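upload-v7.txt, holding compact mmCIF, C-alpha atoms and all ligand atoms:
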```txt
# COMPACT_ATOMS: atom_id res chain seq x y z
CA MET A 1 126.85 89.80 98.15
CA ILE A 2 123.51 91.57 97.73
CA LYS A 3 121.68 90.89 100.97
CA PHE A 4 117.99 90.12 100.89
CA LEU A 5 117.46 92.74 103.60
CA ASP A 6 120.20 94.79 105.25
CA LEU A 7 118.62 95.71 108.59
CA GLN A 8 121.77 97.32 109.90
CA LYS A 9 121.90 99.69 106.93
CA ILE A 10 118.16 100.40 107.18
CA ASN A 11 118.36 101.40 110.85
CA LEU A 12 121.63 103.34 110.46
CA LEU A 13 119.82 105.57 107.94
CA HIS A 14 118.38 107.31 111.00
CA GLN A 15 121.13 106.51 113.47
CA GLU A 16 121.35 109.82 115.31
CA GLU A 17 117.62 110.32 115.79
CA ILE A 18 117.04 106.72 116.89
CA GLU A 19 119.97 106.73 119.30
CA SER A 20 118.84 109.96 120.90
CA ARG A 21 115.26 108.68 121.28
CA LEU A 22 116.54 105.44 122.81
CA LEU A 23 118.76 107.33 125.20
CA LYS A 24 115.85 109.52 126.26
CA ALA A 25 113.62 106.51 126.89
CA PHE A 26 116.43 104.75 128.77
CA ARG A 27 117.13 107.74 130.99
CA SER A 28 113.46 108.40 131.72
CA GLY A 29 113.34 105.50 134.17
CA TRP A 30 109.86 104.55 132.88
CA TYR A 31 109.75 101.48 130.61
CA LEU A 32 106.14 100.37 130.11
CA LEU A 33 102.82 102.14 129.52
CA GLY A 34 104.46 105.56 129.44
CA GLU A 35 104.82 108.66 127.31
CA GLU A 36 106.68 107.08 124.38
CA VAL A 37 103.92 104.53 123.81
CA LYS A 38 101.27 107.23 124.16
CA GLN A 39 103.08 109.42 121.65
CA PHE A 40 103.55 106.60 119.14
CA GLU A 41 99.93 105.49 119.44
CA LYS A 42 98.80 109.05 118.79
CA ASN A 43 101.02 109.39 115.73
CA LEU A 44 100.07 105.96 114.40
CA SER A 45 96.35 106.78 114.77
CA HIS A 46 96.92 110.02 112.93
CA TYR A 47 98.93 108.30 110.18
CA ILE A 48 96.35 105.55 109.63
CA GLY A 49 93.35 107.81 110.13
CA ALA A 50 91.86 105.51 112.78
CA LYS A 51 90.42 106.71 116.08
CA HIS A 52 92.35 104.27 118.27
CA SER A 53 95.79 102.65 118.24
CA ILE A 54 96.89 100.19 120.88
CA GLY A 55 100.53 99.19 121.06
CA VAL A 56 101.04 95.48 121.79
CA ALA A 57 103.93 93.03 122.01
CA ASN A 58 103.93 91.73 118.39
CA GLY A 59 101.82 91.24 115.28
CA LEU A 60 100.47 87.84 116.21
CA ASP A 61 99.23 89.21 119.54
CA ALA A 62 97.61 92.17 117.76
CA LEU A 63 95.48 89.73 115.75
CA ARG A 64 94.90 87.33 118.67
CA LEU A 65 93.72 90.21 120.85
CA ILE A 66 91.21 91.46 118.26
CA PHE A 67 89.48 88.07 118.20
CA LYS A 68 89.80 87.55 121.95
CA ALA A 69 88.12 90.92 122.43
CA TYR A 70 85.28 90.05 120.04
CA ILE A 71 84.70 86.87 122.08
CA GLU A 72 84.86 88.82 125.33
CA MET A 73 82.31 91.30 123.88
CA GLY A 74 79.98 88.44 122.98
CA PHE A 75 80.19 89.01 119.25
CA MET A 76 81.84 85.61 118.67
CA GLN A 77 82.23 82.41 120.61
CA PRO A 78 84.65 79.50 120.42
CA GLY A 79 83.67 77.22 117.54
CA ASP A 80 82.62 80.09 115.28
CA GLU A 81 84.14 80.36 111.82
CA VAL A 82 86.35 83.04 110.30
CA ILE A 83 87.16 83.33 106.61
CA VAL A 84 90.91 83.60 106.07
CA PRO A 85 93.14 83.46 102.98
CA ALA A 86 94.78 80.07 102.36
CA ASN A 87 97.82 81.89 101.00
CA THR A 88 99.17 83.70 104.03
CA TYR A 89 101.72 83.53 106.80
CA ILE A 90 100.69 81.07 109.53
CA ALA A 91 100.19 83.87 112.10
CA SER A 92 96.87 84.78 110.46
CA LEU A 93 95.54 81.30 111.32
CA LEU A 94 97.19 81.06 114.73
CA ALA A 95 95.32 84.19 115.83
CA LEU A 96 92.08 82.28 115.19
CA THR A 97 92.89 78.80 116.44
CA ASP A 98 94.42 80.21 119.61
CA ASN A 99 90.94 81.59 120.33
CA ASN A 100 89.29 78.27 119.38
CA LEU A 101 87.83 79.85 116.26
CA ILE A 102 87.71 77.77 113.08
CA PRO A 103 89.72 79.06 110.10
CA VAL A 104 87.86 78.63 106.79
CA LEU A 105 90.42 78.87 104.02
CA VAL A 106 89.78 80.63 100.72
CA GLU A 107 91.99 80.38 97.63
CA PRO A 108 93.92 83.40 96.30
CA ASP A 109 93.71 85.22 93.00
CA ILE A 110 96.82 83.99 91.16
CA LYS A 111 97.44 87.50 89.77
CA THR A 112 97.66 89.28 93.14
CA TYR A 113 98.31 86.33 95.53
CA ASN A 114 95.64 87.88 97.75
CA ILE A 115 92.34 86.27 98.78
CA ASP A 116 89.93 85.90 95.85
CA ILE A 117 86.98 87.96 97.08
CA ALA A 118 84.67 86.27 94.57
CA LYS A 119 85.23 82.94 96.35
CA ILE A 120 84.31 84.12 99.85
CA GLU A 121 80.51 84.00 99.84
CA GLU A 122 80.30 80.26 99.04
CA LYS A 123 82.22 79.59 102.29
CA ILE A 124 79.92 81.62 104.55
CA THR A 125 77.75 79.60 106.96
CA GLN A 126 75.54 80.33 110.00
CA LYS A 127 78.71 80.15 112.11
CA THR A 128 80.76 82.67 110.13
CA LYS A 129 81.48 85.79 112.18
CA ALA A 130 84.33 87.55 110.39
CA ILE A 131 86.47 87.83 107.30
CA MET A 132 90.19 88.29 107.81
CA VAL A 133 91.91 89.94 104.87
CA VAL A 134 95.70 89.86 104.62
CA HIS A 135 97.30 92.55 102.45
CA LEU A 136 99.97 90.07 101.42
CA TYR A 137 103.42 91.19 100.26
CA GLY A 138 102.24 94.81 100.81
CA GLN A 139 99.33 94.89 98.35
CA VAL A 140 95.85 96.01 99.38
CA VAL A 141 93.01 93.56 99.00
CA PHE A 142 89.67 95.29 99.37
CA SER A 143 86.55 96.12 97.36
CA ASP A 144 83.03 97.46 97.70
CA GLU A 145 81.81 93.88 97.13
CA LEU A 146 83.70 92.81 100.25
CA THR A 147 82.07 95.52 102.36
CA ALA A 148 78.65 94.62 100.96
CA LEU A 149 79.24 90.94 101.73
CA ALA A 150 80.23 91.71 105.31
CA GLN A 151 77.16 93.89 105.77
CA LYS A 152 74.82 91.33 104.23
CA HIS A 153 76.01 88.55 106.56
CA ASN A 154 76.76 90.75 109.60
CA LEU A 155 80.47 89.92 109.57
CA LYS A 156 83.41 91.86 110.97
CA ILE A 157 86.26 92.63 108.60
CA VAL A 158 89.63 92.24 110.30
CA GLU A 159 92.76 93.31 108.44
CA ASP A 160 96.09 91.57 108.89
CA ASN A 161 98.12 94.64 108.01
CA ALA A 162 101.49 93.21 109.02
CA GLN A 163 102.92 93.65 105.52
CA ALA A 164 101.16 96.71 104.12
CA ILE A 165 101.55 99.71 106.44
CA GLY A 166 101.25 102.86 104.33
CA ALA A 167 99.24 101.30 101.50
CA VAL A 168 96.09 103.17 100.46
CA TRP A 169 92.83 102.00 98.91
CA ASN A 170 90.43 104.57 97.52
CA GLY A 171 91.77 107.33 99.78
CA THR A 172 91.82 105.20 102.95
CA LYS A 173 94.90 103.57 104.47
CA THR A 174 95.07 99.86 105.15
CA GLY A 175 94.42 99.45 108.84
CA ASN A 176 91.37 101.69 108.50
CA LEU A 177 89.38 99.75 105.90
CA GLY A 178 87.65 97.19 108.10
CA ASN A 179 86.51 96.99 111.74
CA ALA A 180 89.96 96.40 113.21
CA ALA A 181 93.50 95.77 112.05
CA GLY A 182 96.62 94.08 113.39
CA PHE A 183 100.08 95.47 112.64
CA SER A 184 103.50 93.87 113.06
CA PHE A 185 106.66 95.87 113.63
CA TYR A 186 108.91 92.81 113.41
CA PRO A 187 112.38 94.18 112.44
CA GLY A 188 112.05 93.14 108.78
CA LYS A 189 108.65 94.75 108.18
CA ASN A 190 108.33 98.10 106.36
CA LEU A 191 108.10 99.81 109.76
CA GLY A 192 110.44 97.68 111.86
CA ALA A 193 111.31 97.87 115.56
CA LEU A 194 114.57 96.68 117.14
CA GLY A 195 112.84 93.57 118.40
CA ASP A 196 109.21 92.47 118.61
CA ALA A 197 106.39 94.99 118.51
CA GLY A 198 102.85 95.32 117.15
CA ALA A 199 99.67 97.38 117.27
CA VAL A 200 95.91 97.28 116.75
CA THR A 201 93.98 100.09 115.09
CA THR A 202 90.20 100.50 115.14
CA ASN A 203 87.42 103.09 115.20
CA ASP A 204 85.37 100.96 117.62
CA ASP A 205 85.51 102.47 121.14
CA VAL A 206 84.38 99.33 122.97
CA LEU A 207 86.75 97.09 121.03
CA ALA A 208 89.66 99.45 121.69
CA LYS A 209 88.93 99.56 125.40
CA THR A 210 88.59 95.79 125.61
CA ILE A 211 91.85 95.17 123.72
CA ARG A 212 93.73 97.66 125.86
CA ALA A 213 92.54 95.87 128.98
CA LEU A 214 93.15 92.36 127.58
CA ALA A 215 96.72 93.26 126.63
CA ASN A 216 97.38 94.36 130.20
CA TYR A 217 96.19 91.39 132.30
CA GLY A 218 92.55 92.17 131.57
CA SER A 219 92.84 95.20 133.75
CA GLU A 220 91.64 98.78 133.30
CA GLU A 221 92.57 99.74 136.81
CA LYS A 222 95.68 98.35 138.47
CA TYR A 223 94.98 95.14 140.45
CA VAL A 224 91.35 95.10 139.30
CA ASN A 225 90.89 92.40 136.63
CA LYS A 226 87.79 92.60 134.50
CA HIS A 227 88.90 89.92 132.00
CA GLN A 228 91.26 86.95 131.92
CA GLY A 229 93.82 88.89 129.96
CA LEU A 230 97.38 88.42 128.87
CA ASN A 231 100.58 90.39 129.08
CA SER A 232 101.16 91.85 125.64
CA ARG A 233 102.46 95.38 125.88
CA LEU A 234 104.55 97.51 123.57
CA ASP A 235 107.55 98.77 125.56
CA GLU A 236 108.82 102.34 125.73
CA MET A 237 112.14 101.69 123.94
CA GLN A 238 110.45 100.09 120.91
CA ALA A 239 107.76 102.78 120.85
CA ALA A 240 110.44 105.50 120.77
CA VAL A 241 112.20 103.83 117.83
CA LEU A 242 108.93 103.28 115.96
CA ASP A 243 107.77 106.83 116.54
CA GLU A 244 111.00 108.10 114.98
CA LYS A 245 110.92 105.65 112.06
CA LEU A 246 107.25 106.37 111.29
CA LYS A 247 108.33 109.85 110.12
CA HIS A 248 110.36 108.25 107.33
CA LEU A 249 107.95 105.48 106.35
CA ASP A 250 106.38 107.18 103.32
CA THR A 251 109.76 108.08 101.85
CA GLU A 252 111.00 104.52 102.36
CA ASN A 253 107.85 103.04 100.85
CA ASP A 254 108.33 105.34 97.84
CA THR A 255 111.81 103.88 97.33
CA ARG A 256 110.34 100.38 97.43
CA LYS A 257 107.74 101.41 94.82
CA ALA A 258 110.44 102.81 92.54
CA ILE A 259 112.51 99.61 92.80
CA ALA A 260 109.46 97.44 92.11
CA LYS A 261 108.61 99.50 89.05
CA TYR A 262 112.19 99.25 87.81
CA TYR A 263 112.15 95.46 88.22
CA ILE A 264 108.83 95.20 86.39
CA ASP A 265 109.92 97.49 83.55
CA ASN A 266 113.32 95.85 83.08
CA ILE A 267 113.14 92.16 83.91
CA ASN A 268 112.25 90.51 80.61
CA ASN A 269 113.15 86.86 81.09
CA THR A 270 110.22 84.79 79.79
CA ALA A 271 110.89 82.09 82.41
CA ILE A 272 109.92 84.57 85.10
CA MET A 273 106.39 85.65 86.04
CA LEU A 274 106.45 89.17 87.46
CA PRO A 275 103.92 90.73 89.83
CA GLU A 276 101.65 93.35 88.24
CA LEU A 277 101.84 97.02 89.14
CA PRO A 278 98.53 97.97 90.78
CA LYS A 279 96.27 100.42 88.92
CA ASN A 280 97.04 102.99 91.59
CA SER A 281 100.64 102.93 92.82
CA ASN A 282 99.49 103.63 96.41
CA GLU A 283 97.81 100.23 96.60
CA HIS A 284 101.13 98.41 97.03
CA VAL A 285 104.00 99.19 99.42
CA TRP A 286 106.14 96.27 98.21
CA HIS A 287 107.05 94.68 101.51
CA LEU A 288 108.16 91.81 99.27
CA PHE A 289 108.84 91.57 95.53
CA VAL A 290 107.64 88.09 94.69
CA ILE A 291 108.19 86.44 91.32
CA ARG A 292 107.19 82.98 90.14
CA THR A 293 109.04 80.47 88.01
CA ALA A 294 108.63 76.78 87.20
CA ASN A 295 111.97 75.70 88.68
CA ARG A 296 112.20 77.98 91.66
CA ASP A 297 114.98 76.15 93.51
CA LYS A 298 117.20 76.27 90.42
CA LEU A 299 116.69 80.03 90.07
CA GLN A 300 117.41 80.58 93.75
CA GLN A 301 120.63 78.53 93.50
CA TYR A 302 121.70 80.43 90.35
CA LEU A 303 121.12 83.79 92.06
CA LYS A 304 123.05 82.62 95.10
CA GLU A 305 126.00 81.64 92.88
CA ASN A 306 125.81 85.17 91.50
CA ASN A 307 125.88 86.66 95.01
CA ILE A 308 122.22 87.59 95.22
CA HIS A 309 120.41 86.44 98.32
CA THR A 310 116.71 85.59 97.96
CA LEU A 311 114.05 84.10 100.26
CA ILE A 312 110.83 82.12 99.79
CA HIS A 313 107.56 83.54 101.19
CA TYR A 314 106.48 80.91 101.93
CA PRO A 315 107.72 77.38 101.23
CA ILE A 316 104.88 75.47 103.01
CA PRO A 317 101.26 76.74 103.10
CA PRO A 318 99.53 76.79 106.52
CA HIS A 319 97.16 73.93 105.58
CA LYS A 320 100.15 71.64 104.88
CA GLN A 321 101.90 72.35 108.18
CA ALA A 322 102.25 69.66 110.87
CA ALA A 323 100.70 72.19 113.27
CA TYR A 324 97.34 71.81 111.49
CA PRO A 325 96.63 68.09 110.91
CA GLN A 326 92.91 68.94 110.62
CA LEU A 327 93.69 71.03 107.51
CA ASN A 328 96.28 68.75 105.87
CA GLY A 329 93.66 66.99 103.73
CA LEU A 330 92.37 70.20 102.09
CA SER A 331 92.98 70.62 98.39
CA LEU A 332 93.93 74.22 97.58
CA PRO A 333 95.70 73.94 94.23
CA ILE A 334 96.31 77.66 93.60
CA THR A 335 97.81 78.14 97.04
CA GLU A 336 99.96 75.03 96.59
CA GLN A 337 101.17 76.16 93.17
CA ILE A 338 102.16 79.55 94.59
CA HIS A 339 104.14 77.95 97.40
CA ARG A 340 105.98 75.75 94.85
CA GLU A 341 106.86 78.60 92.49
CA VAL A 342 107.47 81.83 94.40
CA LEU A 343 110.78 83.52 95.09
CA SER A 344 111.32 86.93 96.72
CA LEU A 345 113.95 89.21 95.18
CA PRO A 346 115.77 91.77 97.33
CA ILE A 347 113.78 94.98 97.86
CA SER A 348 114.37 97.60 100.55
CA PRO A 349 114.89 101.33 101.03
CA VAL A 350 118.68 100.85 101.14
CA LEU A 351 119.18 98.83 97.95
CA THR A 352 121.43 100.88 95.65
CA THR A 353 120.79 101.61 91.96
CA GLU A 354 123.78 99.40 91.10
CA GLU A 355 122.41 96.54 93.17
CA VAL A 356 118.99 96.83 91.57
CA GLN A 357 120.61 96.82 88.12
CA LYS A 358 122.68 93.76 89.02
CA VAL A 359 119.57 91.87 90.11
CA VAL A 360 117.85 92.79 86.82
CA ASP A 361 120.84 91.76 84.67
CA THR A 362 121.42 88.52 86.55
CA VAL A 363 117.75 87.50 86.41
CA ASN A 364 117.64 88.37 82.69
CA ASN A 365 120.67 86.12 82.04
CA TYR A 366 119.09 83.13 83.77
CA GLN A 367 118.36 80.20 81.49
C1 LIG B 1 104.82 89.23 110.28
C2 LIG B 1 103.42 88.79 110.10
C3 LIG B 1 102.57 88.51 111.20
C4 LIG B 1 103.04 88.38 112.61
O1 LIG B 1 103.80 89.38 113.12
P1 LIG B 1 104.82 89.15 114.33
O2 LIG B 1 105.15 90.52 114.77
O3 LIG B 1 105.98 88.39 113.79
O4 LIG B 1 104.10 88.38 115.39
C5 LIG B 1 101.24 88.25 110.94
N1 LIG B 1 100.77 88.20 109.69
C6 LIG B 1 101.54 88.40 108.62
C7 LIG B 1 100.95 88.35 107.25
C8 LIG B 1 102.90 88.70 108.78
O5 LIG B 1 103.67 88.90 107.71
```
Here is a file; write its structure as structure tokens.
Ligand SMILES: *Cc1c(COP(=O)(O)O)cnc(C)c1O
Amino acid sequence: MIKFLDLQKINLLHQEEIESRLLKAFRSGWYLLGEEVKQFEKNLSHYIGAKHSIGVANGLDALRLIFKAYIEMGFMQPGDEVIVPANTYIASLLALTDNNLIPVLVEPDIKTYNIDIAKIEEKITQKTKAIMVVHLYGQVVFSDELTALAQKHNLKIVEDNAQAIGAVWNGTKTGNLGNAAGFSFYPGKNLGALGDAGAVTTNDDVLAKTIRALANYGSEEKYVNKHQGLNSRLDEMQAAVLDEKLKHLDTENDTRKAIAKYYIDNINNTAIMLPELPKNSNEHVWHLFVIRTANRDKLQQYLKENNIHTLIHYPIPPHKQAAYPQLNGLSLPITEQIHREVLSLPISPVLTTEEVQKVVDTVNNYQ
């Protein structure tokens, strides 16, 4: 069986280093807000090129905290609108609605699955305060037009960088393109912890300070609470693991890029729509390799019978979820088509050449 993602194999790639870092953190007797987190934040800032990194409990909290901080700072208030891609994981919307902000959904570009930047301006109103971009499946979405649009309407650009750590646009890493970015280190992400973990990066000193306080009970000084905060901290054990794995991220992303290129060069079944290679290979870190086909469920069943495990990212778009009755009536045909047709093939730094070849041959033999 070719697994969709073999997390055991991925983490055992660096078994000795990870085990020794875990042991060190365990034996230190200090488990929160300590040296491991400090070290990881420093290295993450350096890697991304951003002035500040704040470790938090998970990716959803990273995004929630950015918007909570903007409200706390008076830049936004409940009831304000934020542009968000319709084709995304539900966390992008939850970060807004949890702060009583209104998500305004914009259709994707069918070629990249990312938000169609040309369709943003028509959705901007007096109440719009930010644009959230999601570098979906690992591919950067950014342009000079987007920056100009944000400037023209005085909007913040917030990146949901949960899927694209390591991707680069025009010499700048994702996570350093907008005003702030949320990262997820969920175990299956390109940089995965051994449990939940996340981070925020930004160059904004006030925002960084506010988020750091909000994530720790709204407190900058112990038992003095400036804000009504939450408890959303990255712990020392996860930080130690992430700090070790960050060293190998570029190499692992390169393996993903090579597999994606091999799939694109060698899958030639006309029933299958392949993703396009970006103009610059650094613009995609291939968190997921997503294909489209008319009868998706049939292809998934066929691959399963041939011992290839696939997943669907995602089967139901956010606006069709029971969680959002207020959005259920929206018509977003491109988003809906994508959700009907997509299938994610296995891609990871531990997939072998033989496994990649078997996926190619099996997909090519599908009728
Ligand atoms: C994984 C993910 C998140 C949320 O991250 P968690 O760590 O699971 O909370 C947010 N947005 C996107 C696009 C994701 O893929």
Hey, which bits of chain A sit within 8 Å of ligand LIG 1 (chain B), and for each residue what's the closest pair of atoms and how far apart in Å (one decimal), counting only C-alpha atoms and all ligand atoms, rows by chain and increasing number, as a Markdown table?
```
| residue | atom | partner | partner_atom | distance |
| --- | --- | --- | --- | --- |
| A:Ala57 | CA | B:LIG1 | O2 | 7.8 |
| A:Asn58 | CA | B:LIG1 | O2 | 4.0 |
| A:Gly59 | CA | B:LIG1 | O2 | 3.4 |
| A:Leu60 | CA | B:LIG1 | O4 | 3.8 |
| A:Asp61 | CA | B:LIG1 | O4 | 6.5 |
| A:Ala62 | CA | B:LIG1 | O4 | 7.9 |
| A:Leu63 | CA | B:LIG1 | C5 | 7.6 |
| A:Thr88 | CA | B:LIG1 | C7 | 5.9 |
| A:Tyr89 | CA | B:LIG1 | C7 | 4.9 |
| A:Ile90 | CA | B:LIG1 | N1 | 7.1 |
| A:Ala91 | CA | B:LIG1 | C5 | 4.7 |
| A:Ser92 | CA | B:LIG1 | N1 | 5.2 |
| A:Val134 | CA | B:LIG1 | C7 | 6.1 |
| A:His135 | CA | B:LIG1 | C7 | 7.3 |
| A:Leu136 | CA | B:LIG1 | C7 | 6.2 |
| A:Tyr137 | CA | B:LIG1 | O5 | 7.8 |
| A:Asp160 | CA | B:LIG1 | N1 | 5.8 |
| A:Asn161 | CA | B:LIG1 | C7 | 6.9 |
| A:Ala162 | CA | B:LIG1 | C8 | 4.7 |
| A:Gln163 | CA | B:LIG1 | O5 | 5.3 |
| A:Gly182 | CA | B:LIG1 | C5 | 7.8 |
| A:Phe183 | CA | B:LIG1 | O1 | 7.2 |
| A:Ser184 | CA | B:LIG1 | O2 | 4.1 |
| A:Phe185 | CA | B:LIG1 | O2 | 5.7 |
| A:Tyr186 | CA | B:LIG1 | O2 | 4.6 |
| A:Lys189 | CA | B:LIG1 | C1 | 7.0 |
| A:Asp196 | CA | B:LIG1 | O2 | 5.9 |
| A:Ala197 | CA | B:LIG1 | O2 | 6.0 |
| A:Gly198 | CA | B:LIG1 | O2 | 5.8 |
```
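Among the candidates A:Glu305, A:Asp297, A:Glu81, A:Glu145, the residue lying nearest to A:Lys123 is A:Glu81 (atoms considered: all atoms listed in the file).
With all atoms listed in the file as the basis for measurement, A:His313 is the residue among A:Ile165, A:Glu35, A:Val106, A:His313 that approaches A:Ser344 most closely.
Between A:Gly192 and the candidates A:Ala150, A:Val224, A:Val104, A:Leu246, the tightest atom-to-atom separation, counting all atoms listed in the file, involves A:Leu246.
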Next on the checklist: Counting only C-alpha atoms, which residue out of A:Ile338, A:Leu345, A:Ala86, A:Ala50 sits closest to A:Lys358?
Outcome noted: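 Selected residue with least distance to A:Lys358: A:Leu345.
Nearest to A:His227 of all the residues A:Leu177, A:Leu214, A:Ile2, A:Ile272 is A:Leu214, based on only C-alpha atoms.
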Checklist entry - Nearest to A:Glu336: which of A:Gly166, A:Gly229, A:Pro275, A:Pro108 is it, counting only C-alpha atoms? => result A:Pro108
Next on the checklist: At a cut-off of 10 Å, using only C-alpha atoms, what residues contact A:Asn306? Leave out same-chain residues fewer than 5 positions from it and give the result as a list of chain:residue names.
Outcome noted: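 Contacts, in chain order: A:Met1, A:Ile2, A:Gln300, A:Gln301, A:Lys358, A:Val359, A:Thr362, A:Val363.
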Item to check | Spatial neighbours of A:Thr172, 9 Å, only C-alpha atoms, chain gap at least 4 places, as a ChimeraX atom specification | outcome: /A:48-49,167-168,176-177
Item to check | Surrounding residues of A:His52 excluding itself and chain neighbours under 3 positions, 7 Å, all atoms listed in the file, as a ChimeraX atom specification | outcome: /A:45,201-203,208
Next on the checklist: Applying 12 Å and only C-alpha atoms, which residues near A:Glu354 remain after dropping the ones on its own chain fewer than 6 positions away? List them as number ranges by chain.
Outcome noted: A: 2, 259, 360-361
Grab the residues selected above and save them as a PDB file, keeping the file's coordinate frame with C-alpha atoms.
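again.pdb, written as the output of this step:
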```pdb
ATOM      1  CA  ILE A   2     123.510  91.570  97.730  1.00  0.00           C
ATOM      2  CA  ILE A 259     112.510  99.610  92.800  1.00  0.00           C
ATOM      3  CA  VAL A 360     117.850  92.790  86.820  1.00  0.00           C
ATOM      4  CA  ASP A 361     120.840  91.760  84.670  1.00  0.00           C
TER       5      ASP A 361
END
```
Next on the checklist: As an exercise, work out the distance from atom CA of A:Leu96 to atom CA of A:Phe67 in Å and give it to one decimal place.
Outcome noted: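 Between atom CA of A:Leu96 and atom CA of A:Phe67 the gap works out to 7.0 Å.
Our summary of the geometry notes that atom CA of A:Ala271 is positioned 6.1 Å from atom CA of A:Thr293.
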Given 6 Å on each side, where is the centre and what are the edge lengths in Å to one decimal of the axis-aligned box enclosing the listed atoms of stretch 241-255 of chain A, as AutoDock Vina command-line options?
```
--center_x 109.3 --center_y 106.4 --center_z 107.6 --size_x 17.8 --size_y 18.8 --size_z 32.5
```
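Excluding A:Asp6 and any residue on its chain fewer than 6 positions from it, the residues at most 9 Å away by all atoms listed in the file are Ser348, Val350 and Leu351 of chain A.
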Using only C-alpha atoms, please write the residues we just selected to a file, as a CSV table (one decimal), in the coordinates of the input.
```csv
chain,number,residue,atom,x,y,z
A,348,SER,CA,114.4,97.6,100.6
A,350,VAL,CA,118.7,100.8,101.1
A,351,LEU,CA,119.2,98.8,98.0
```
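A straight line drawn from atom CA of A:Ile316 to atom CA of A:Arg296 is 13.7 Å long.
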Your completed stretch 99-114 of chain A with N, CA and C atoms, as a CSV table (one decimal), keeping the file's coordinate frame:
```csv
chain,number,residue,atom,x,y,z
A,99,ASN,N,92.2,81.2,119.7
A,99,ASN,CA,90.9,81.6,120.3
A,99,ASN,C,89.8,80.6,120.1
A,100,ASN,N,90.2,79.3,119.7
A,100,ASN,CA,89.3,78.3,119.4
A,100,ASN,C,88.2,78.7,118.3
A,101,LEU,N,88.7,79.5,117.4
A,101,LEU,CA,87.8,79.8,116.3
A,101,LEU,C,88.3,79.0,115.1
A,102,ILE,N,87.4,78.7,114.2
A,102,ILE,CA,87.7,77.8,113.1
A,102,ILE,C,88.1,78.6,111.8
A,103,PRO,N,89.3,78.4,111.3
A,103,PRO,CA,89.7,79.1,110.1
A,103,PRO,C,89.1,78.4,108.9
A,104,VAL,N,88.4,79.2,108.0
A,104,VAL,CA,87.9,78.6,106.8
A,104,VAL,C,88.7,79.2,105.6
A,105,LEU,N,89.4,78.4,105.0
A,105,LEU,CA,90.4,78.9,104.0
A,105,LEU,C,89.8,79.1,102.6
A,106,VAL,N,90.2,80.2,102.1
A,106,VAL,CA,89.8,80.6,100.7
A,106,VAL,C,91.0,80.8,99.8
A,107,GLU,N,90.9,80.3,98.6
A,107,GLU,CA,92.0,80.4,97.6
A,107,GLU,C,92.3,81.8,97.2
A,108,PRO,N,93.5,82.1,96.8
A,108,PRO,CA,93.9,83.4,96.3
A,108,PRO,C,93.6,83.6,94.8
A,109,ASP,N,93.7,84.8,94.4
A,109,ASP,CA,93.7,85.2,93.0
A,109,ASP,C,95.2,85.1,92.6
A,110,ILE,N,95.4,84.3,91.6
A,110,ILE,CA,96.8,84.0,91.2
A,110,ILE,C,97.5,85.2,90.7
A,111,LYS,N,96.8,86.3,90.3
A,111,LYS,CA,97.4,87.5,89.8
A,111,LYS,C,98.0,88.4,90.9
A,112,THR,N,97.3,88.4,92.0
A,112,THR,CA,97.7,89.3,93.1
A,112,THR,C,98.2,88.5,94.3
A,113,TYR,N,98.0,87.2,94.4
A,113,TYR,CA,98.3,86.3,95.5
A,113,TYR,C,97.4,86.6,96.7
A,114,ASN,N,96.5,87.6,96.7
A,114,ASN,CA,95.6,87.9,97.8
A,114,ASN,C,94.3,87.1,97.6
```
